[in-house]
2 protein chains.
Amino acid sequence: MELKPIAERFVLHWGEMGSRWGVNRTVAQVHALLYLAGRPMDAEEITETLGVARSNVSTSLKELQSWNLVRVVHLKGERRDHFETSADVWELFKLIVAGRRQREIDPTATALRECLANPAIADEEEGTRQRIEDTLKFIEIMSSLADEMLRYKPETLMKTLGVSARISQAIRRKE
Amino acid sequence: MELKPIAERFVLHWGEMGSRWGVNRTVAQVHALLYLAGRPMDAEEITETLGVARSNVSTSLKELQSWNLVRVVHLKGERRDHFETSADVWELFKLIVAGRRQREIDPTATALRECLANPAIADEEEGTRQRIEDTLKFIEIMSSLADEMLRYKPETLMKTLGVSARISQAIRRKE
DNA sequence: CCTTTTTTTCTGTTTTTACAGAAAAGTCTG
DNA sequence: CAGACTTTTCTGTAAAAACAGAAAAAAAGG
């Protein structure tokens with residue numbers, strides 16, 4: 001598949017964005033491509049479309065599968081694995097948030113708890129302990145918010161976000 | 001200043017987290033150090049504490065200032081610039097969100113709008129156009145939510161987040 | 001099973017990013 | 001404005017990440 005100009009721009013921009021958020025550029029590109037294509041593609045086709053090495057695509061697909069962003073499907077009469085992603089942005093967002101929470105936020109919270117539980121904390125300034133505690137509290141609140149979001153079906157999540165924006169306005173008016 | 005064990009762990013972990021989110025490790029470490037220290041430090045002291053090159057600290061401080069996360073202060077009787085950050089996690093979060101929105105999210109939204117406004121969009125599959133539109137819509141909703149958050153004083157933001165979590169639960173119960 | 005197709009892993013190269021040290025520029029003080 | 005101190009910029013090096021191509025492994029077909 002040869003990318004048309006607009007799709008190409010989208011895919012390249014997405015790769016660029018990935019880089020800025022700590023996601024490998026090719027990984028982001030592969031995902032953007034599957035998202036835009038809206039149909040299962042095999043690794044060979046992805047390779048040709050993006051113009052990267054086959055091995056690179058294989059690795060990227062593995063990575064995307066580990067985030068639950070991409071799944072393997074088999075098409076009848078086809079031997080090759082095909083890969084697809086959800087066409088639902090909200091669902092994708094949900095998966096990304098869940099993944100980053102599990103891989104980065106949770107371990108950080110654990111590390112902070114360990115810091116606070118460590119007897120050596122007594123050697124630190126009181127203010128230091130307080131700020132570590134504040135940071136942990138912040139992370140916990142954010143995590144529980146994320147939890148809430150992750151419980152919804154994507155469509156509901158969208159509505160909920162709209163609601164909370166409106167409520168925020170109402171609260172602000174009272175201040 | 002010699003870092004005590006707990007503070008060191010915090011600073012190193014924060015640097016590691018930075019890397020994963022597209023922030024230079026030293027930049028993240030410098031910020032974590034200023035946050036934990038809870039007092040203005042000069043570049044020389046930061047250099048010694050972190051064990052990195054002076055030039056590196058200079059660059060990192062510039063970067064942090066451009067995000068409004070760190071500001072210069074002058075202490076009486078001291079010739080050197082001193083640097084401090086807010087001790088308020090919420091305020092820091094606000095600044096980071098504002099920065100990333102401005103530097104990454106807004107330009108992405110602009111790019112997507114350009115894609116949709118481009119006559120060449122007619123050559124793409126209908127589904128492709130639809131998904132680009134969905135993506136833009138998603139970004140716009142998220143941005144307006146971010147806007148809401150950024151308007152509050154940090155303490156209010158915290159309360160608001162608590163509120164929206166409770167509201168989410170209420171909505172879910174009705175489903 | 002053996003052959004072919006497909007996928008994954010491994011290894012070396014390239015590219016990018018981070019960084020240190022030196023040089024330059026700027027600032028303050030007397 | 002001379003000299004010392006401080007900060008920034010520049011340049012080369014080192015480290016890390018991304019990547020391509022080849023080799024190996026796995027899966028499917030006959």
# chains A, B, ... in the order shown; residues from 1 in each chain; ligands from 1
call {"tool": "interface_residues", "arguments": {"of": "chain A", "to": "chain B", "cutoff": "7 Å", "atoms": "only C-alpha atoms", "output": "PyMOL selection string"}}
result
chain A and resi 4+6+20-22+36-37+89+115+120-121+124+128+131+134-135+145+148+160+164-165+168
call {"tool": "interface_residues", "arguments": {"of": "chain A", "to": "chain D", "cutoff": "8 Å", "atoms": "only C-alpha atoms (C1' of nucleotides)", "output": "ChimeraX atom specification"}}
result
/A:53,55-56,79
call {"tool": "closest_atom_pairs", "arguments": {"of": "chain A", "to": "chain C", "cutoff": "12 Å", "atoms": "only C-alpha atoms (C1' of nucleotides)", "output": "JSON lines"}}
result
{"residue": "A:Ser19", "atom": "CA", "partner": "C:DT16", "partner_atom": "C1'", "distance": 11.6}
{"residue": "A:Asp42", "atom": "CA", "partner": "C:DT6", "partner_atom": "C1'", "distance": 10.6}
{"residue": "A:Ala43", "atom": "CA", "partner": "C:DT7", "partner_atom": "C1'", "distance": 9.3}
{"residue": "A:Glu44", "atom": "CA", "partner": "C:DT6", "partner_atom": "C1'", "distance": 9.8}
{"residue": "A:Arg54", "atom": "CA", "partner": "C:DT7", "partner_atom": "C1'", "distance": 9.8}
{"residue": "A:Ser55", "atom": "CA", "partner": "C:DT8", "partner_atom": "C1'", "distance": 7.9}
{"residue": "A:Asn56", "atom": "CA", "partner": "C:DT8", "partner_atom": "C1'", "distance": 10.6}
{"residue": "A:Val57", "atom": "CA", "partner": "C:DT7", "partner_atom": "C1'", "distance": 10.8}
{"residue": "A:Ser58", "atom": "CA", "partner": "C:DT8", "partner_atom": "C1'", "distance": 7.5}
{"residue": "A:Thr59", "atom": "CA", "partner": "C:DT8", "partner_atom": "C1'", "distance": 8.4}
{"residue": "A:Ser60", "atom": "CA", "partner": "C:DT8", "partner_atom": "C1'", "distance": 11.9}
{"residue": "A:Leu61", "atom": "CA", "partner": "C:DT7", "partner_atom": "C1'", "distance": 11.3}
{"residue": "A:Lys62", "atom": "CA", "partner": "C:DT8", "partner_atom": "C1'", "distance": 10.0}
{"residue": "A:Glu78", "atom": "CA", "partner": "C:DT6", "partner_atom": "C1'", "distance": 11.4}
{"residue": "A:Arg79", "atom": "CA", "partner": "C:DT6", "partner_atom": "C1'", "distance": 8.1}
{"residue": "A:Arg80", "atom": "CA", "partner": "C:DT6", "partner_atom": "C1'", "distance": 6.6}
{"residue": "A:Asp81", "atom": "CA", "partner": "C:DT6", "partner_atom": "C1'", "distance": 8.5}
{"residue": "A:His82", "atom": "CA", "partner": "C:DT6", "partner_atom": "C1'", "distance": 11.6}
call {"tool": "write_last_selection", "arguments": {"atoms": "all heavy atoms", "output": "CSV table (one decimal), in the first residue's frame"}}
result
chain,number,residue,atom,x,y,z
A,19,SER,N,8.0,10.2,19.6
A,19,SER,CA,9.4,10.5,20.1
A,19,SER,C,9.4,11.4,21.3
A,19,SER,O,10.1,11.2,22.2
A,19,SER,CB,10.2,11.1,19.0
A,19,SER,OG,10.3,10.3,17.9
A,42,ASP,N,-0.8,-7.0,7.0
A,42,ASP,CA,0.3,-7.9,7.4
A,42,ASP,C,1.6,-7.2,7.5
A,42,ASP,O,1.8,-6.0,7.0
A,42,ASP,CB,0.4,-9.1,6.5
A,42,ASP,CG,0.8,-8.7,5.1
A,42,ASP,OD1,1.9,-8.2,5.0
A,42,ASP,OD2,0.0,-9.0,4.2
A,43,ALA,N,2.6,-7.8,8.2
A,43,ALA,CA,3.9,-7.1,8.5
A,43,ALA,C,4.6,-6.7,7.2
A,43,ALA,O,5.2,-5.6,7.1
A,43,ALA,CB,4.8,-8.1,9.3
A,44,GLU,N,4.5,-7.5,6.2
A,44,GLU,CA,5.1,-7.2,4.9
A,44,GLU,C,4.6,-5.9,4.3
A,44,GLU,O,5.3,-5.0,3.9
A,44,GLU,CB,4.9,-8.4,3.9
A,44,GLU,CG,5.8,-8.4,2.7
A,44,GLU,CD,7.3,-8.5,3.2
A,44,GLU,OE1,7.5,-9.3,4.1
A,44,GLU,OE2,8.1,-7.8,2.6
A,54,ARG,N,11.9,-4.9,7.8
A,54,ARG,CA,11.0,-5.8,8.2
A,54,ARG,C,11.1,-6.2,9.7
A,54,ARG,O,10.2,-6.3,10.5
A,54,ARG,CB,11.2,-7.1,7.4
A,54,ARG,CG,10.3,-8.3,7.8
A,54,ARG,CD,8.8,-8.0,7.7
A,54,ARG,NE,8.2,-8.6,8.9
A,54,ARG,CZ,7.7,-9.8,8.9
A,54,ARG,NH1,7.6,-10.5,7.8
A,54,ARG,NH2,7.1,-10.3,10.0
A,55,SER,N,12.4,-6.3,10.2
A,55,SER,CA,12.6,-6.7,11.6
A,55,SER,C,12.1,-5.6,12.5
A,55,SER,O,11.6,-5.8,13.6
A,55,SER,CB,14.1,-6.8,11.8
A,55,SER,OG,14.8,-5.7,11.4
A,56,ASN,N,12.3,-4.4,12.1
A,56,ASN,CA,11.8,-3.2,12.8
A,56,ASN,C,10.3,-3.3,13.0
A,56,ASN,O,9.8,-3.0,14.1
A,56,ASN,CB,12.2,-2.0,12.0
A,56,ASN,CG,12.4,-0.8,12.9
A,56,ASN,OD1,12.2,-0.8,14.1
A,56,ASN,ND2,12.8,0.3,12.3
A,57,VAL,N,9.6,-3.7,12.0
A,57,VAL,CA,8.2,-3.8,12.1
A,57,VAL,C,7.8,-4.9,13.0
A,57,VAL,O,6.9,-4.7,13.9
A,57,VAL,CB,7.6,-4.0,10.7
A,57,VAL,CG1,6.1,-4.4,10.8
A,57,VAL,CG2,7.7,-2.8,9.8
A,58,SER,N,8.5,-6.0,12.9
A,58,SER,CA,8.2,-7.1,13.8
A,58,SER,C,8.3,-6.7,15.3
A,58,SER,O,7.4,-7.0,16.1
A,58,SER,CB,9.2,-8.3,13.5
A,58,SER,OG,9.0,-9.3,14.4
A,59,THR,N,9.4,-6.0,15.6
A,59,THR,CA,9.6,-5.6,17.0
A,59,THR,C,8.6,-4.6,17.4
A,59,THR,O,8.0,-4.7,18.5
A,59,THR,CB,11.0,-4.9,17.1
A,59,THR,OG1,12.0,-5.7,16.5
A,59,THR,CG2,11.4,-4.6,18.5
A,60,SER,N,8.2,-3.7,16.5
A,60,SER,CA,7.3,-2.6,16.9
A,60,SER,C,5.9,-3.3,17.1
A,60,SER,O,5.2,-2.9,18.0
A,60,SER,CB,7.1,-1.6,15.7
A,60,SER,OG,8.4,-0.9,15.6
A,61,LEU,N,5.5,-4.3,16.3
A,61,LEU,CA,4.2,-4.9,16.5
A,61,LEU,C,4.2,-5.6,17.8
A,61,LEU,O,3.2,-5.6,18.5
A,61,LEU,CB,4.0,-5.9,15.3
A,61,LEU,CG,3.6,-5.2,14.0
A,61,LEU,CD1,3.6,-6.2,12.9
A,61,LEU,CD2,2.2,-4.6,14.1
A,62,LYS,N,5.3,-6.3,18.2
A,62,LYS,CA,5.4,-6.9,19.5
A,62,LYS,C,5.1,-5.9,20.6
A,62,LYS,O,4.4,-6.2,21.6
A,62,LYS,CB,6.7,-7.6,19.7
A,62,LYS,CG,6.8,-9.0,19.1
A,62,LYS,CD,6.3,-10.1,20.1
A,62,LYS,CE,5.4,-11.1,19.5
A,62,LYS,NZ,6.0,-11.9,18.5
A,78,GLU,N,-5.4,-16.7,4.1
A,78,GLU,CA,-4.1,-16.0,4.2
A,78,GLU,C,-3.3,-16.7,5.3
A,78,GLU,O,-3.7,-17.0,6.3
A,78,GLU,CB,-4.4,-14.5,4.7
A,78,GLU,CG,-5.1,-13.6,3.7
A,78,GLU,CD,-4.0,-12.9,2.8
A,78,GLU,OE1,-2.8,-13.2,2.9
A,78,GLU,OE2,-4.5,-12.0,2.1
A,79,ARG,N,-2.0,-16.9,4.9
A,79,ARG,CA,-1.2,-17.5,5.9
A,79,ARG,C,-0.5,-16.5,6.9
A,79,ARG,O,-0.3,-16.9,8.0
A,79,ARG,CB,0.0,-18.3,5.2
A,79,ARG,CG,-0.5,-19.6,4.6
A,79,ARG,CD,0.6,-20.3,3.9
A,79,ARG,NE,1.8,-20.6,4.7
A,79,ARG,CZ,2.8,-21.4,4.3
A,79,ARG,NH1,2.7,-21.9,3.1
A,79,ARG,NH2,3.8,-21.6,5.1
A,80,ARG,N,-0.3,-15.4,6.4
A,80,ARG,CA,0.4,-14.4,7.2
A,80,ARG,C,-0.5,-13.9,8.3
A,80,ARG,O,-1.7,-13.7,8.2
A,80,ARG,CB,0.8,-13.2,6.4
A,80,ARG,CG,1.9,-13.5,5.3
A,80,ARG,CD,2.2,-12.3,4.5
A,80,ARG,NE,3.3,-12.6,3.6
A,80,ARG,CZ,3.7,-11.7,2.7
A,80,ARG,NH1,3.1,-10.6,2.5
A,80,ARG,NH2,4.7,-12.1,1.8
A,81,ASP,N,0.2,-13.6,9.4
A,81,ASP,CA,-0.5,-12.9,10.5
A,81,ASP,C,-0.9,-11.5,10.0
A,81,ASP,O,-0.2,-10.8,9.3
A,81,ASP,CB,0.4,-12.6,11.7
A,81,ASP,CG,0.7,-13.9,12.5
A,81,ASP,OD1,0.0,-14.9,12.2
A,81,ASP,OD2,1.6,-13.9,13.4
A,82,HIS,N,-2.1,-11.0,10.4
A,82,HIS,CA,-2.5,-9.7,10.1
A,82,HIS,C,-2.7,-9.0,11.4
A,82,HIS,O,-3.0,-9.6,12.5
A,82,HIS,CB,-3.8,-9.6,9.3
A,82,HIS,CG,-3.5,-10.0,7.8
A,82,HIS,ND1,-3.1,-11.2,7.4
A,82,HIS,CD2,-3.7,-9.2,6.7
A,82,HIS,CE1,-2.9,-11.2,6.1
A,82,HIS,NE2,-3.3,-10.0,5.6
call {"tool": "atom_distance", "arguments": {"atom1": "CA of Ser86 in chain B", "atom2": "CA of Leu34 in chain B"}}
result
8.7 Å
call {"tool": "atom_distance", "arguments": {"atom1": "CA of Ser143 in chain B", "atom2": "CA of Leu12 in chain A"}}
result
21.8 Å
call {"tool": "select_by_dssp", "arguments": {"residues": "chain B", "states": "alpha helix (DSSP H)", "output": "ChimeraX atom specification"}}
result
/B:5-20,25-37,43-50,54-66,89-100,106-117,126-151,154-174
call {"tool": "atom_distance", "arguments": {"atom1": "CA of Ala28 in chain B", "atom2": "CA of Thr26 in chain A"}}
result
25.4 Å
call {"tool": "residues_around", "arguments": {"residues": "Ile96 in chain A", "least_positions_apart": "4", "cutoff": "8 Å", "atoms": "only C-alpha atoms (C1' of nucleotides)", "output": "ChimeraX atom specification"}}
result
/A:67,69,92,100
call {"tool": "select_by_dssp", "arguments": {"residues": "range 19-131 of chain A", "states": "strand (DSSP E)", "output": "number ranges by chain"}}
result
A: 41-42, 70-73, 82-85
call {"tool": "decode", "arguments": {"residues": "range 2-17 of chain A", "atoms": "N, CA, C and O atoms", "output": "compact mmCIF listing (two decimals), in the first residue's frame"}}
result
# COMPACT_ATOMS: atom_id res chain seq x y z
N GLU A 2 0.58 2.11 -0.93
CA GLU A 2 1.31 3.38 -1.00
C GLU A 2 0.50 4.43 -0.25
O GLU A 2 -0.70 4.59 -0.49
N LEU A 3 1.13 5.12 0.69
CA LEU A 3 0.39 6.12 1.47
C LEU A 3 0.07 7.36 0.63
O LEU A 3 0.92 7.88 -0.07
N LYS A 4 -1.15 7.81 0.75
CA LYS A 4 -1.52 9.08 0.10
C LYS A 4 -1.00 10.22 0.97
O LYS A 4 -0.74 10.04 2.17
N PRO A 5 -0.85 11.42 0.38
CA PRO A 5 -0.16 12.52 1.07
C PRO A 5 -0.67 12.82 2.48
O PRO A 5 0.12 12.97 3.41
N ILE A 6 -1.98 12.90 2.64
CA ILE A 6 -2.52 13.27 3.95
C ILE A 6 -2.22 12.18 4.98
O ILE A 6 -1.78 12.45 6.09
N ALA A 7 -2.46 10.95 4.59
CA ALA A 7 -2.20 9.83 5.50
C ALA A 7 -0.72 9.82 5.87
O ALA A 7 -0.35 9.60 7.03
N GLU A 8 0.13 10.09 4.89
CA GLU A 8 1.56 10.11 5.17
C GLU A 8 1.90 11.18 6.21
O GLU A 8 2.64 10.93 7.16
N ARG A 9 1.33 12.34 6.03
CA ARG A 9 1.60 13.41 6.99
C ARG A 9 1.16 13.00 8.39
O ARG A 9 1.87 13.23 9.37
N PHE A 10 -0.03 12.41 8.46
CA PHE A 10 -0.55 11.96 9.76
C PHE A 10 0.41 10.96 10.41
O PHE A 10 0.79 11.12 11.57
N VAL A 11 0.80 9.98 9.64
CA VAL A 11 1.68 8.93 10.18
C VAL A 11 3.03 9.51 10.63
O VAL A 11 3.52 9.19 11.71
N LEU A 12 3.59 10.37 9.82
CA LEU A 12 4.89 10.95 10.18
C LEU A 12 4.77 11.84 11.41
O LEU A 12 5.61 11.79 12.31
N HIS A 13 3.71 12.61 11.45
CA HIS A 13 3.53 13.49 12.62
C HIS A 13 3.37 12.65 13.89
O HIS A 13 3.91 12.98 14.94
N TRP A 14 2.63 11.58 13.74
CA TRP A 14 2.40 10.73 14.91
C TRP A 14 3.71 10.12 15.41
O TRP A 14 3.95 10.02 16.61
N GLY A 15 4.54 9.75 14.47
CA GLY A 15 5.85 9.21 14.84
C GLY A 15 6.65 10.25 15.61
O GLY A 15 7.29 9.95 16.63
N GLU A 16 6.58 11.48 15.12
CA GLU A 16 7.29 12.58 15.77
C GLU A 16 6.78 12.79 17.19
O GLU A 16 7.56 12.94 18.13
N MET A 17 5.48 12.78 17.34
CA MET A 17 4.86 12.93 18.66
C MET A 17 5.32 11.82 19.60
O MET A 17 5.69 12.07 20.74
